[in-house]
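Printed here is run-v7.cif (mmCIF, C-alpha atoms and all ligand atoms):
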```cif
data_model
loop_
_atom_site.group_PDB
_atom_site.id
_atom_site.type_symbol
_atom_site.label_atom_id
_atom_site.label_comp_id
_atom_site.auth_asym_id
_atom_site.auth_seq_id
_atom_site.Cartn_x
_atom_site.Cartn_y
_atom_site.Cartn_z
ATOM 1 C CA LEU Y 9 8.243 -17.154 8.031
ATOM 2 C CA SER Y 10 9.582 -18.001 11.470
ATOM 3 C CA LEU Y 11 8.212 -14.956 13.324
ATOM 4 C CA LEU Y 12 4.684 -15.329 12.038
ATOM 5 C CA ALA Y 13 2.106 -15.231 14.861
ATOM 6 C CA THR Y 14 -1.118 -15.118 12.867
ATOM 7 C CA GLU Y 15 -4.221 -17.225 12.531
ATOM 8 C CA ASN Y 16 -4.803 -16.738 8.782
ATOM 9 C CA MET Y 17 -2.459 -14.222 7.225
ATOM 10 C CA GLY Y 18 0.465 -15.960 5.560
ATOM 11 C CA ARG Y 19 -0.591 -19.425 6.749
ATOM 12 C CA SER Y 20 -1.025 -20.424 3.142
ATOM 13 C CA TYR Y 21 2.194 -19.154 1.617
ATOM 14 C CA HIS Y 22 3.333 -19.329 -2.011
ATOM 15 C CA TYR Y 23 6.949 -18.424 -2.541
ATOM 16 C CA CYS Y 24 8.164 -18.010 -6.122
ATOM 17 C CA TYR Y 25 11.626 -17.290 -7.323
ATOM 18 C CA GLU Y 26 10.290 -15.425 -10.325
ATOM 19 C CA VAL Y 27 6.761 -14.595 -11.383
ATOM 20 C CA GLY Y 28 5.121 -12.163 -13.817
ATOM 21 C CA SER Y 29 3.158 -10.362 -11.126
ATOM 22 C CA THR Y 30 2.317 -11.651 -7.643
ATOM 23 C CA ASN Y 31 -1.059 -9.925 -8.003
ATOM 24 C CA ASP Y 32 -1.910 -11.955 -11.132
ATOM 25 C CA LEU Y 33 -0.947 -15.206 -9.416
ATOM 26 C CA ALA Y 34 -2.956 -14.246 -6.308
ATOM 27 C CA VAL Y 35 -6.017 -13.399 -8.430
ATOM 28 C CA SER Y 36 -5.903 -16.806 -10.106
ATOM 29 C CA LEU Y 37 -5.462 -18.552 -6.725
ATOM 30 C CA ALA Y 38 -8.402 -16.551 -5.348
ATOM 31 C CA LEU Y 39 -10.565 -17.567 -8.324
ATOM 32 C CA ASP Y 40 -9.636 -21.183 -7.530
ATOM 33 C CA GLY Y 41 -10.919 -20.706 -3.970
ATOM 34 C CA ALA Y 42 -7.721 -19.959 -2.014
ATOM 35 C CA PRO Y 43 -8.566 -19.021 1.580
ATOM 36 C CA GLU Y 44 -8.356 -15.594 3.134
ATOM 37 C CA GLY Y 45 -4.839 -14.746 4.202
ATOM 38 C CA THR Y 46 -3.165 -16.621 1.343
ATOM 39 C CA CYS Y 47 0.101 -14.857 0.506
ATOM 40 C CA VAL Y 48 2.177 -14.863 -2.641
ATOM 41 C CA VAL Y 49 5.753 -13.644 -2.277
ATOM 42 C CA ALA Y 50 8.291 -13.429 -5.101
ATOM 43 C CA GLU Y 51 11.993 -12.826 -5.243
ATOM 44 C CA ALA Y 52 11.569 -11.123 -8.623
ATOM 45 C CA GLN Y 53 8.745 -10.053 -10.929
ATOM 46 C CA THR Y 54 9.041 -9.752 -14.688
ATOM 47 C CA LYS Y 55 5.804 -7.778 -15.062
ATOM 48 C CA GLY Y 56 5.411 -6.004 -11.726
ATOM 49 C CA ARG Y 57 2.477 -3.611 -12.031
ATOM 50 C CA GLY Y 58 1.700 -0.315 -10.386
ATOM 51 C CA ARG Y 59 -1.446 1.774 -10.465
ATOM 52 C CA LEU Y 60 -2.722 3.278 -13.703
ATOM 53 C CA GLY Y 61 -0.893 0.785 -15.904
ATOM 54 C CA ARG Y 62 2.547 1.774 -14.669
ATOM 55 C CA SER Y 63 5.257 -0.818 -14.166
ATOM 56 C CA TRP Y 64 6.810 -1.532 -10.766
ATOM 57 C CA LEU Y 65 10.586 -1.817 -10.484
ATOM 58 C CA SER Y 66 11.148 -5.370 -9.214
ATOM 59 C CA VAL Y 67 14.895 -5.672 -8.690
ATOM 60 C CA PRO Y 68 15.543 -9.353 -7.885
ATOM 61 C CA GLY Y 69 16.282 -10.074 -4.240
ATOM 62 C CA LYS Y 70 16.138 -6.443 -3.115
ATOM 63 C CA GLY Y 71 12.483 -5.663 -2.649
ATOM 64 C CA ILE Y 72 9.416 -7.290 -1.159
ATOM 65 C CA TYR Y 73 6.904 -8.190 -3.849
ATOM 66 C CA MET Y 74 3.880 -9.684 -2.202
ATOM 67 C CA SER Y 75 0.139 -10.119 -2.534
ATOM 68 C CA VAL Y 76 -2.412 -11.074 0.113
ATOM 69 C CA ILE Y 77 -5.866 -12.489 -0.594
ATOM 70 C CA LEU Y 78 -8.702 -11.059 1.504
ATOM 71 C CA ARG Y 79 -12.348 -12.047 1.486
ATOM 72 C CA PRO Y 80 -14.050 -9.185 3.298
ATOM 73 C CA ASP Y 81 -17.798 -8.843 3.425
ATOM 74 C CA ILE Y 82 -17.827 -5.198 2.375
ATOM 75 C CA PRO Y 83 -19.380 -3.264 -0.490
ATOM 76 C CA PRO Y 84 -17.028 -2.418 -3.383
ATOM 77 C CA ARG Y 85 -16.938 1.294 -2.551
ATOM 78 C CA GLN Y 86 -15.092 0.435 0.684
ATOM 79 C CA VAL Y 87 -12.200 -1.323 -1.078
ATOM 80 C CA PRO Y 88 -10.082 1.902 -1.067
ATOM 81 C CA GLN Y 89 -10.225 1.736 2.742
ATOM 82 C CA LEU Y 90 -8.331 -1.566 2.580
ATOM 83 C CA THR Y 91 -5.574 0.093 0.543
ATOM 84 C CA LEU Y 92 -5.345 2.841 3.148
ATOM 85 C CA LEU Y 93 -5.464 0.319 6.026
ATOM 86 C CA THR Y 94 -2.545 -1.535 4.422
ATOM 87 C CA GLY Y 95 -0.594 1.707 4.072
ATOM 88 C CA ILE Y 96 -1.233 2.684 7.710
ATOM 89 C CA VAL Y 97 -0.136 -0.731 9.015
ATOM 90 C CA LEU Y 98 2.911 -0.881 6.757
ATOM 91 C CA ALA Y 99 4.078 2.617 7.719
ATOM 92 C CA ALA Y 100 3.526 1.890 11.434
ATOM 93 C CA THR Y 101 5.372 -1.447 11.148
ATOM 94 C CA LEU Y 102 8.418 0.171 9.514
ATOM 95 C CA ASN Y 103 8.397 3.012 12.048
ATOM 96 C CA VAL Y 104 8.471 0.671 15.031
ATOM 97 C CA MET Y 105 11.042 -1.699 13.503
ATOM 98 C CA TYR Y 106 13.482 0.893 12.205
ATOM 99 C CA ASP Y 107 12.909 4.159 14.046
ATOM 100 C CA ILE Y 108 11.890 6.057 10.962
ATOM 101 C CA ASP Y 109 9.040 8.413 10.088
ATOM 102 C CA ALA Y 110 7.172 6.598 7.337
ATOM 103 C CA ARG Y 111 3.868 8.236 6.388
ATOM 104 C CA VAL Y 112 0.893 7.383 4.228
ATOM 105 C CA LYS Y 113 0.609 9.307 1.006
ATOM 106 C CA TRP Y 114 -3.025 9.012 -0.045
ATOM 107 C CA PRO Y 115 -4.247 7.048 -1.933
ATOM 108 C CA ASN Y 116 -1.735 4.191 -2.051
ATOM 109 C CA ASP Y 117 1.862 5.067 -1.201
ATOM 110 C CA VAL Y 118 4.084 4.896 1.839
ATOM 111 C CA VAL Y 119 6.735 7.604 1.939
ATOM 112 C CA ILE Y 120 9.696 8.560 4.087
ATOM 113 C CA LYS Y 121 10.600 12.263 4.017
ATOM 114 C CA GLY Y 122 8.500 12.652 0.902
ATOM 115 C CA LYS Y 123 10.224 9.810 -0.977
ATOM 116 C CA LYS Y 124 8.325 6.689 -1.947
ATOM 117 C CA VAL Y 125 9.339 3.498 -0.137
ATOM 118 C CA ALA Y 126 6.278 1.349 -0.932
ATOM 119 C CA GLY Y 127 3.249 1.193 -3.188
ATOM 120 C CA ILE Y 128 -0.015 -0.701 -2.803
ATOM 121 C CA LEU Y 129 -2.202 -2.028 -5.602
ATOM 122 C CA ALA Y 130 -5.584 -3.466 -4.594
ATOM 123 C CA GLU Y 131 -7.470 -5.445 -7.213
ATOM 124 C CA SER Y 132 -10.885 -6.872 -6.514
ATOM 125 C CA GLN Y 133 -13.416 -9.179 -8.021
ATOM 126 C CA ILE Y 134 -16.710 -7.544 -7.371
ATOM 127 C CA GLU Y 135 -20.163 -9.024 -7.090
ATOM 128 C CA PRO Y 136 -23.045 -6.608 -7.505
ATOM 129 C CA GLN Y 137 -23.088 -5.601 -3.841
ATOM 130 C CA ARG Y 138 -20.133 -7.300 -2.178
ATOM 131 C CA ALA Y 139 -16.458 -7.747 -3.016
ATOM 132 C CA ARG Y 140 -15.902 -11.491 -3.418
ATOM 133 C CA PHE Y 141 -12.190 -11.125 -2.948
ATOM 134 C CA VAL Y 142 -9.629 -8.395 -2.794
ATOM 135 C CA VAL Y 143 -5.987 -8.949 -3.640
ATOM 136 C CA ILE Y 144 -3.720 -6.475 -1.885
ATOM 137 C CA GLY Y 145 -0.417 -6.164 -3.755
ATOM 138 C CA ILE Y 146 2.433 -4.606 -1.835
ATOM 139 C CA GLY Y 147 5.791 -3.558 -3.242
ATOM 140 C CA ILE Y 148 8.419 -2.388 -0.739
ATOM 141 C CA ASN Y 149 11.874 -1.080 -1.582
ATOM 142 C CA VAL Y 150 14.069 -2.728 1.027
ATOM 143 C CA HIS Y 151 17.738 -3.221 0.168
ATOM 144 C CA HIS Y 152 17.930 -0.837 -2.792
ATOM 145 C CA GLY Y 153 20.811 1.566 -3.009
ATOM 146 C CA GLN Y 154 20.433 4.812 -4.942
ATOM 147 C CA GLU Y 155 22.062 3.127 -7.975
ATOM 148 C CA ASP Y 156 19.185 0.639 -8.232
ATOM 149 C CA PHE Y 157 16.819 3.473 -9.069
ATOM 150 C CA SER Y 158 18.942 4.998 -11.808
ATOM 151 C CA GLY Y 159 17.345 3.120 -14.732
ATOM 152 C CA GLY Y 160 13.685 3.528 -13.761
ATOM 153 C CA THR Y 161 11.204 6.301 -14.272
ATOM 154 C CA PHE Y 162 9.449 7.554 -11.181
ATOM 155 C CA ARG Y 163 6.726 10.076 -10.539
ATOM 156 C CA TYR Y 164 8.593 11.340 -7.512
ATOM 157 C CA PRO Y 165 11.850 10.276 -5.844
ATOM 158 C CA PRO Y 166 12.046 6.705 -4.557
ATOM 159 C CA THR Y 167 13.912 5.490 -1.513
ATOM 160 C CA SER Y 168 14.400 2.229 0.375
ATOM 161 C CA VAL Y 169 14.282 1.011 3.979
ATOM 162 C CA THR Y 170 18.072 0.509 3.900
ATOM 163 C CA LEU Y 171 18.668 4.074 2.694
ATOM 164 C CA GLU Y 172 16.490 5.535 5.472
ATOM 165 C CA ALA Y 173 17.003 3.294 8.528
ATOM 166 C CA PRO Y 174 19.819 3.883 11.035
ATOM 167 C CA LYS Y 175 22.973 2.262 9.686
ATOM 168 C CA ASP Y 176 23.382 -0.185 12.596
ATOM 169 C CA ARG Y 177 20.032 -1.906 11.966
ATOM 170 C CA LYS Y 178 19.946 -5.393 10.539
ATOM 171 C CA ILE Y 179 17.241 -5.365 7.907
ATOM 172 C CA THR Y 180 15.725 -8.559 6.586
ATOM 173 C CA ARG Y 181 12.781 -8.938 4.269
ATOM 174 C CA GLN Y 182 11.538 -11.948 6.215
ATOM 175 C CA HIS Y 183 11.316 -9.857 9.375
ATOM 176 C CA ILE Y 184 9.385 -7.123 7.622
ATOM 177 C CA VAL Y 185 6.932 -9.570 6.012
ATOM 178 C CA SER Y 186 6.274 -11.415 9.320
ATOM 179 C CA ASN Y 187 5.848 -8.256 11.372
ATOM 180 C CA PHE Y 188 3.642 -6.684 8.743
ATOM 181 C CA LEU Y 189 1.381 -9.753 8.549
ATOM 182 C CA ASN Y 190 1.138 -10.005 12.357
ATOM 183 C CA ASN Y 191 0.089 -6.360 12.596
ATOM 184 C CA PHE Y 192 -2.101 -6.475 9.523
ATOM 185 C CA GLU Y 193 -4.160 -9.402 10.768
ATOM 186 C CA LYS Y 194 -5.018 -7.565 13.998
ATOM 187 C CA ALA Y 195 -5.812 -4.354 12.135
ATOM 188 C CA TYR Y 196 -7.957 -6.100 9.522
ATOM 189 C CA LYS Y 197 -9.994 -7.974 12.152
ATOM 190 C CA ASN Y 198 -10.517 -4.746 14.053
ATOM 191 C CA TYR Y 199 -11.550 -2.961 10.829
ATOM 192 C CA LEU Y 200 -14.093 -5.679 9.998
ATOM 193 C CA SER Y 201 -15.628 -5.710 13.481
ATOM 194 C CA GLU Y 202 -15.364 -2.038 14.500
ATOM 195 C CA GLY Y 203 -15.360 -0.218 11.165
ATOM 196 C CA TRP Y 204 -13.215 2.434 9.558
ATOM 197 C CA GLU Y 205 -13.606 5.289 12.049
ATOM 198 C CA ILE Y 206 -10.557 4.735 14.261
ATOM 199 C CA TRP Y 207 -8.444 3.976 11.185
ATOM 200 C CA SER Y 208 -9.574 7.236 9.677
ATOM 201 C CA GLU Y 209 -8.173 8.993 12.760
ATOM 202 C CA LYS Y 210 -4.891 7.091 12.430
ATOM 203 C CA LEU Y 211 -4.759 8.004 8.750
ATOM 204 C CA LYS Y 212 -5.095 11.686 9.623
ATOM 205 C CA ALA Y 213 -2.223 11.376 12.100
ATOM 206 C CA MET Y 214 0.012 9.518 9.617
ATOM 207 C CA SER Y 215 -0.874 11.306 6.406
ATOM 208 C CA MET Y 216 1.714 13.185 4.440
ATOM 209 C CA LEU Y 217 -0.806 15.301 2.499
ATOM 210 C CA LEU Y 218 -2.987 16.927 5.146
ATOM 211 C CA GLY Y 219 -2.164 20.577 5.577
ATOM 212 C CA CYS Y 220 -0.502 20.799 2.158
ATOM 213 C CA GLN Y 221 -1.499 22.543 -1.043
ATOM 214 C CA VAL Y 222 -2.000 19.781 -3.597
ATOM 215 C CA VAL Y 223 -2.935 19.182 -7.200
ATOM 216 C CA ILE Y 224 -4.829 15.930 -7.793
ATOM 217 C CA ASP Y 225 -5.477 14.450 -11.222
ATOM 218 C CA THR Y 226 -8.665 12.359 -11.087
ATOM 219 C CA GLY Y 227 -8.346 11.277 -14.722
ATOM 220 C CA GLU Y 228 -11.229 13.587 -15.593
ATOM 221 C CA GLU Y 229 -9.945 16.831 -14.148
ATOM 222 C CA LYS Y 230 -7.155 18.378 -12.144
ATOM 223 C CA ILE Y 231 -8.192 19.712 -8.748
ATOM 224 C CA ALA Y 232 -5.925 22.196 -6.964
ATOM 225 C CA GLY Y 233 -6.463 23.238 -3.375
ATOM 226 C CA PHE Y 234 -5.729 22.664 0.284
ATOM 227 C CA ALA Y 235 -5.840 19.048 1.535
ATOM 228 C CA CYS Y 236 -7.823 19.630 4.717
ATOM 229 C CA ASP Y 237 -9.397 16.341 5.788
ATOM 230 C CA PHE Y 238 -10.405 12.775 4.997
ATOM 231 C CA SER Y 239 -14.098 12.007 4.615
ATOM 232 C CA PRO Y 240 -15.586 9.125 6.645
ATOM 233 C CA GLU Y 241 -15.187 6.727 3.689
ATOM 234 C CA GLY Y 242 -11.540 7.598 2.962
ATOM 235 C CA SER Y 243 -11.844 10.298 0.308
ATOM 236 C CA LEU Y 244 -9.419 13.188 0.436
ATOM 237 C CA VAL Y 245 -11.238 16.469 1.109
ATOM 238 C CA ILE Y 246 -9.817 19.408 -0.804
ATOM 239 C CA GLN Y 247 -10.734 22.990 -0.090
ATOM 240 C CA LEU Y 248 -10.764 24.970 -3.328
ATOM 241 C CA PRO Y 249 -9.589 28.598 -3.490
ATOM 242 C CA ASP Y 250 -13.233 29.784 -3.384
ATOM 243 C CA GLY Y 251 -13.821 27.873 -0.126
ATOM 244 C CA GLU Y 252 -15.845 25.022 -1.635
ATOM 245 C CA LYS Y 253 -14.887 21.557 -0.371
ATOM 246 C CA ARG Y 254 -14.523 18.669 -2.798
ATOM 247 C CA LYS Y 255 -14.204 14.960 -1.944
ATOM 248 C CA VAL Y 256 -11.851 12.875 -4.110
ATOM 249 C CA LEU Y 257 -12.057 9.096 -3.731
ATOM 250 C CA ALA Y 258 -9.047 8.264 -5.914
ATOM 251 C CA GLY Y 259 -6.592 10.113 -8.041
ATOM 252 C CA ASP Y 260 -3.010 10.853 -8.752
ATOM 253 C CA VAL Y 261 -1.219 13.423 -6.627
ATOM 254 C CA VAL Y 262 0.647 15.449 -9.223
ATOM 255 C CA HIS Y 263 1.964 18.207 -6.925
ATOM 256 C CA VAL Y 264 2.409 18.715 -3.198
ATOM 257 C CA TYR Y 265 3.446 22.075 -1.776
ATOM 258 C CA PRO Y 266 4.180 21.759 1.945
HETATM 259 C C1 LIG Y 301 1.916 1.644 -7.111
HETATM 260 O O1 LIG Y 301 2.642 2.340 -6.402
HETATM 261 O O2 LIG Y 301 1.454 2.086 -8.176
HETATM 262 C C2 LIG Y 301 1.571 0.255 -6.651
HETATM 263 C C3 LIG Y 301 2.725 -0.688 -6.759
HETATM 264 C C4 LIG Y 301 2.394 -2.090 -6.331
HETATM 265 C C5 LIG Y 301 3.514 -3.059 -6.577
HETATM 266 C C6 LIG Y 301 3.243 -4.426 -6.026
HETATM 267 S S1 LIG Y 301 4.648 -5.485 -6.076
HETATM 268 C C7 LIG Y 301 3.650 -6.865 -5.631
HETATM 269 C C8 LIG Y 301 2.341 -6.708 -6.379
HETATM 270 N N1 LIG Y 301 2.435 -7.310 -7.703
HETATM 271 C C9 LIG Y 301 2.366 -6.390 -8.673
HETATM 272 O O3 LIG Y 301 2.445 -6.635 -9.898
HETATM 273 N N2 LIG Y 301 2.198 -5.170 -8.146
HETATM 274 C C10 LIG Y 301 2.131 -5.225 -6.688
#
```

Rewrite the structure of this file - the entire thing - as structure tokens.
Amino acid sequence: LSLLATENMGRSYHYCYEVGSTNDLAVSLALDGAPEGTCVVAEAQTKGRGRLGRSWLSVPGKGIYMSVILRPDIPPRQVPQLTLLTGIVLAATLNVMYDIDARVKWPNDVVIKGKKVAGILAESQIEPQRARFVVIGIGINVHHGQEDFSGGTFRYPPTSVTLEAPKDRKITRQHIVSNFLNNFEKAYKNYLSEGWEIWSEKLKAMSMLLGCQVVIDTGEEKIAGFACDFSPEGSLVIQLPDGEKRKVLAGDVVHVYP
């Protein structure tokens, strides 16, 4: 990673041609004591995983399939903030590099014009009060053409950086990984020292859902209403038709009506 300008992130770097899931490999490295910032990057995954047991399309050579080990001293309930932080930094990185309007789709997607370009899967090993490690798995559609998506099943339309960036831009995965890690290290340090508040403001500015009518499936119930805010800890606040406000920490966005 020639453009890497970090202290920790990506300094320990595991590149695999093919792996089941970079998250699984990162979890086993973390259990063996791998340091914070350790990255696993694969050219292809045979068992790429998404949230809620879904699979993640891992077309060889076209996407970025990567996992980063973090060792934050935070309570488990703050782990969703790290997923959101990753989404904010990834969207901002793509926007600056390629002049696009990537946004964060709570709780774990990055979208361009409503289409999904990246997904984030955080998995943590929790001690009673503190997370001992968090593996942040990031899947980014980079060089995919529309035809690459034809065989898969998707909750909502996918897209790729190549399909959305201006045609004259040279797009390389190495560039994206280095820039992301450079930006992520700064953001993560700031988050650990200063807290979530300023990131919450950035999330509001970069969110695709705020101001929309949404239906969220929490696994226990479906909540329909107006996405009006984020709570201080990163929950989506939904105003129900009767005016009551409900906080949702995680869930599946099943409908968005702009
Ligand atoms: C989602 O949108 O549901 C999350 C997708 C996360 C995919 C990435 S690809 C690298 C890492 N390894 C995995 O098996 N999954 C994540």

> When the cut-off is 9 Å and you count only C-alpha atoms and all ligand atoms, which residues lie near ligand LIG 301 (chain Y), shown as a PyMOL selection string?
Replying inline: chain Y and resi 28-34+48-50+53-66+71-75+116-118+124+126-130+144-148

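For the pair CA of Gln154 (chain Y) and CA of Pro68 (chain Y), the interatomic distance is 15.3 Å.
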
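Once the PyMOL selection byres (((chain Y and resi 115) around 9) and not hetatm) is applied to the shown structure, the selection contains Pro88, Thr91, Leu92, Gly95, Val112, Lys113, Trp114, Asn116, Asp117, Ile128, Gly242, Ser243, Leu244, Leu257, Ala258, Gly259, Asp260 and Val261 of chain Y.
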
>> For the provided coordinates, the residues matched by the PyMOL selection byres (((chain Y and resi 89) around 9) and not hetatm) should be stated as a list of chain:residue names.
In response: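 That selection, the PyMOL selection byres (((chain Y and resi 89) around 9) and not hetatm), comes back as Y:Arg85, Y:Gln86, Y:Val87, Y:Pro88, Y:Leu90, Y:Thr91, Y:Leu92, Y:Leu93, Y:Thr94, Y:Trp204, Y:Trp207, Y:Ser208, Y:Glu241, Y:Gly242.
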
>> Env of Ala13 (chain Y): 10 Å cut, atoms = only C-alpha atoms, seq-sep filter 2 positions within chain, self excluded. Answer as a VMD selection string.
In response: chain Y and resid 9 to 11 15 to 19 186 to 187 189 to 191 193

Residues within 9 Å of (-7.4, -11.7, -9.4), counting all atoms listed in the file, listed as a compact mmCIF listing (two decimals) with C-alpha atoms, keeping the file's coordinate frame:
```txt
# COMPACT_ATOMS: atom_id res chain seq x y z
CA ASN Y 31 -1.06 -9.93 -8.00
CA ASP Y 32 -1.91 -11.96 -11.13
CA LEU Y 33 -0.95 -15.21 -9.42
CA ALA Y 34 -2.96 -14.25 -6.31
CA VAL Y 35 -6.02 -13.40 -8.43
CA SER Y 36 -5.90 -16.81 -10.11
CA LEU Y 37 -5.46 -18.55 -6.72
CA ALA Y 38 -8.40 -16.55 -5.35
CA LEU Y 39 -10.56 -17.57 -8.32
CA ILE Y 77 -5.87 -12.49 -0.59
CA GLU Y 131 -7.47 -5.44 -7.21
CA SER Y 132 -10.88 -6.87 -6.51
CA GLN Y 133 -13.42 -9.18 -8.02
CA PHE Y 141 -12.19 -11.12 -2.95
CA VAL Y 142 -9.63 -8.40 -2.79
CA VAL Y 143 -5.99 -8.95 -3.64
```

>> Suppose a student applies the PyMOL selection byres (((chain Y and resi 223) around 8) and not hetatm) to this structure; what residues should they get, written as a list in words?
In response: Gln221, Val222, Ile224, Asp225, Lys230, Ile231, Ala232, Gly233, Val261, Val262, His263 and Val264 of chain Y

> Please, what distance in Å, to one decimal, runs between CA of Thr170 (chain Y) and CA of His151 (chain Y)?
Replying inline: 5.3 Å

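With CA of Asp156 (chain Y) on one side and CA of Arg181 (chain Y) on the other, the separation reads 17.0 Å.
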
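Here the question is which of Y:Glu172, Y:Ser239, Y:Pro166, Y:Leu217 gets nearest to Glu205 (chain Y) using all atoms listed in the file, and that residue is Y:Ser239.
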
>> Restricting the calculation to only C-alpha atoms: of Y:Ala195, Y:Ile134, Y:Cys47, Y:Ile96, which residue gets closest to Val119 (chain Y)?
In response: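 Among Y:Ala195, Y:Ile134, Y:Cys47, Y:Ile96, it is Y:Ile96 that comes nearest to Val119 (chain Y).
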
> Pick from Y:Val150, Y:Val27, Y:Leu200, Y:Ala99: nearest to Gln182 (chain Y), with only C-alpha atoms counted?
Replying inline: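 Looking only at the distances to Gln182 (chain Y), the closest residue turns out to be Y:Val150.
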
Subset file as a PDB file, in the first residue's frame: region 229-248 of chain Y, N, CA and C atoms:
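The result, written out as part-v1.pdb:
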```
ATOM      1  N   GLU Y 229     -40.356  -6.285  15.399  1.00  0.00           N
ATOM      2  CA  GLU Y 229     -41.532  -5.563  14.894  1.00  0.00           C
ATOM      3  C   GLU Y 229     -41.124  -4.679  13.724  1.00  0.00           C
ATOM      4  N   LYS Y 230     -42.129  -4.252  12.977  1.00  0.00           N
ATOM      5  CA  LYS Y 230     -41.880  -3.293  11.908  1.00  0.00           C
ATOM      6  C   LYS Y 230     -42.356  -1.930  12.392  1.00  0.00           C
ATOM      7  N   ILE Y 231     -41.482  -0.931  12.248  1.00  0.00           N
ATOM      8  CA  ILE Y 231     -41.819   0.414  12.716  1.00  0.00           C
ATOM      9  C   ILE Y 231     -41.870   1.335  11.501  1.00  0.00           C
ATOM     10  N   ALA Y 232     -43.009   1.977  11.293  1.00  0.00           N
ATOM     11  CA  ALA Y 232     -43.156   2.890  10.153  1.00  0.00           C
ATOM     12  C   ALA Y 232     -43.303   4.306  10.679  1.00  0.00           C
ATOM     13  N   GLY Y 233     -42.591   5.231  10.072  1.00  0.00           N
ATOM     14  CA  GLY Y 233     -42.707   6.623  10.494  1.00  0.00           C
ATOM     15  C   GLY Y 233     -41.709   7.498   9.766  1.00  0.00           C
ATOM     16  N   PHE Y 234     -41.482   8.675  10.361  1.00  0.00           N
ATOM     17  CA  PHE Y 234     -40.641   9.694   9.743  1.00  0.00           C
ATOM     18  C   PHE Y 234     -39.268   9.670  10.422  1.00  0.00           C
ATOM     19  N   ALA Y 235     -38.208   9.425   9.639  1.00  0.00           N
ATOM     20  CA  ALA Y 235     -36.854   9.403  10.217  1.00  0.00           C
ATOM     21  C   ALA Y 235     -36.443  10.839  10.498  1.00  0.00           C
ATOM     22  N   CYS Y 236     -36.441  11.244  11.774  1.00  0.00           N
ATOM     23  CA  CYS Y 236     -36.280  12.675  12.053  1.00  0.00           C
ATOM     24  C   CYS Y 236     -34.943  13.033  12.688  1.00  0.00           C
ATOM     25  N   ASP Y 237     -34.219  12.056  13.244  1.00  0.00           N
ATOM     26  CA  ASP Y 237     -32.995  12.443  13.949  1.00  0.00           C
ATOM     27  C   ASP Y 237     -32.166  11.200  14.259  1.00  0.00           C
ATOM     28  N   PHE Y 238     -30.937  11.436  14.744  1.00  0.00           N
ATOM     29  CA  PHE Y 238     -30.157  10.362  15.356  1.00  0.00           C
ATOM     30  C   PHE Y 238     -30.012  10.702  16.827  1.00  0.00           C
ATOM     31  N   SER Y 239     -30.115   9.697  17.685  1.00  0.00           N
ATOM     32  CA  SER Y 239     -29.945   9.944  19.118  1.00  0.00           C
ATOM     33  C   SER Y 239     -28.451  10.070  19.391  1.00  0.00           C
ATOM     34  N   PRO Y 240     -28.065  10.567  20.577  1.00  0.00           N
ATOM     35  CA  PRO Y 240     -26.636  10.748  20.864  1.00  0.00           C
ATOM     36  C   PRO Y 240     -25.825   9.463  20.701  1.00  0.00           C
ATOM     37  N   GLU Y 241     -26.426   8.283  20.907  1.00  0.00           N
ATOM     38  CA  GLU Y 241     -25.609   7.062  20.794  1.00  0.00           C
ATOM     39  C   GLU Y 241     -25.609   6.464  19.389  1.00  0.00           C
ATOM     40  N   GLY Y 242     -26.390   7.021  18.463  1.00  0.00           N
ATOM     41  CA  GLY Y 242     -26.367   6.509  17.091  1.00  0.00           C
ATOM     42  C   GLY Y 242     -27.619   5.747  16.697  1.00  0.00           C
ATOM     43  N   SER Y 243     -28.645   5.785  17.546  1.00  0.00           N
ATOM     44  CA  SER Y 243     -29.923   5.178  17.161  1.00  0.00           C
ATOM     45  C   SER Y 243     -30.645   6.112  16.197  1.00  0.00           C
ATOM     46  N   LEU Y 244     -31.429   5.499  15.311  1.00  0.00           N
ATOM     47  CA  LEU Y 244     -32.285   6.292  14.435  1.00  0.00           C
ATOM     48  C   LEU Y 244     -33.548   6.649  15.222  1.00  0.00           C
ATOM     49  N   VAL Y 245     -33.942   7.922  15.167  1.00  0.00           N
ATOM     50  CA  VAL Y 245     -35.165   8.332  15.871  1.00  0.00           C
ATOM     51  C   VAL Y 245     -36.292   8.430  14.851  1.00  0.00           C
ATOM     52  N   ILE Y 246     -37.356   7.691  15.116  1.00  0.00           N
ATOM     53  CA  ILE Y 246     -38.484   7.664  14.184  1.00  0.00           C
ATOM     54  C   ILE Y 246     -39.714   8.265  14.850  1.00  0.00           C
ATOM     55  N   GLN Y 247     -40.301   9.230  14.162  1.00  0.00           N
ATOM     56  CA  GLN Y 247     -41.541   9.805  14.691  1.00  0.00           C
ATOM     57  C   GLN Y 247     -42.716   9.021  14.113  1.00  0.00           C
ATOM     58  N   LEU Y 248     -43.508   8.443  15.003  1.00  0.00           N
ATOM     59  CA  LEU Y 248     -44.652   7.633  14.579  1.00  0.00           C
ATOM     60  C   LEU Y 248     -45.810   8.551  14.190  1.00  0.00           C
TER      61      LEU Y 248
END
```
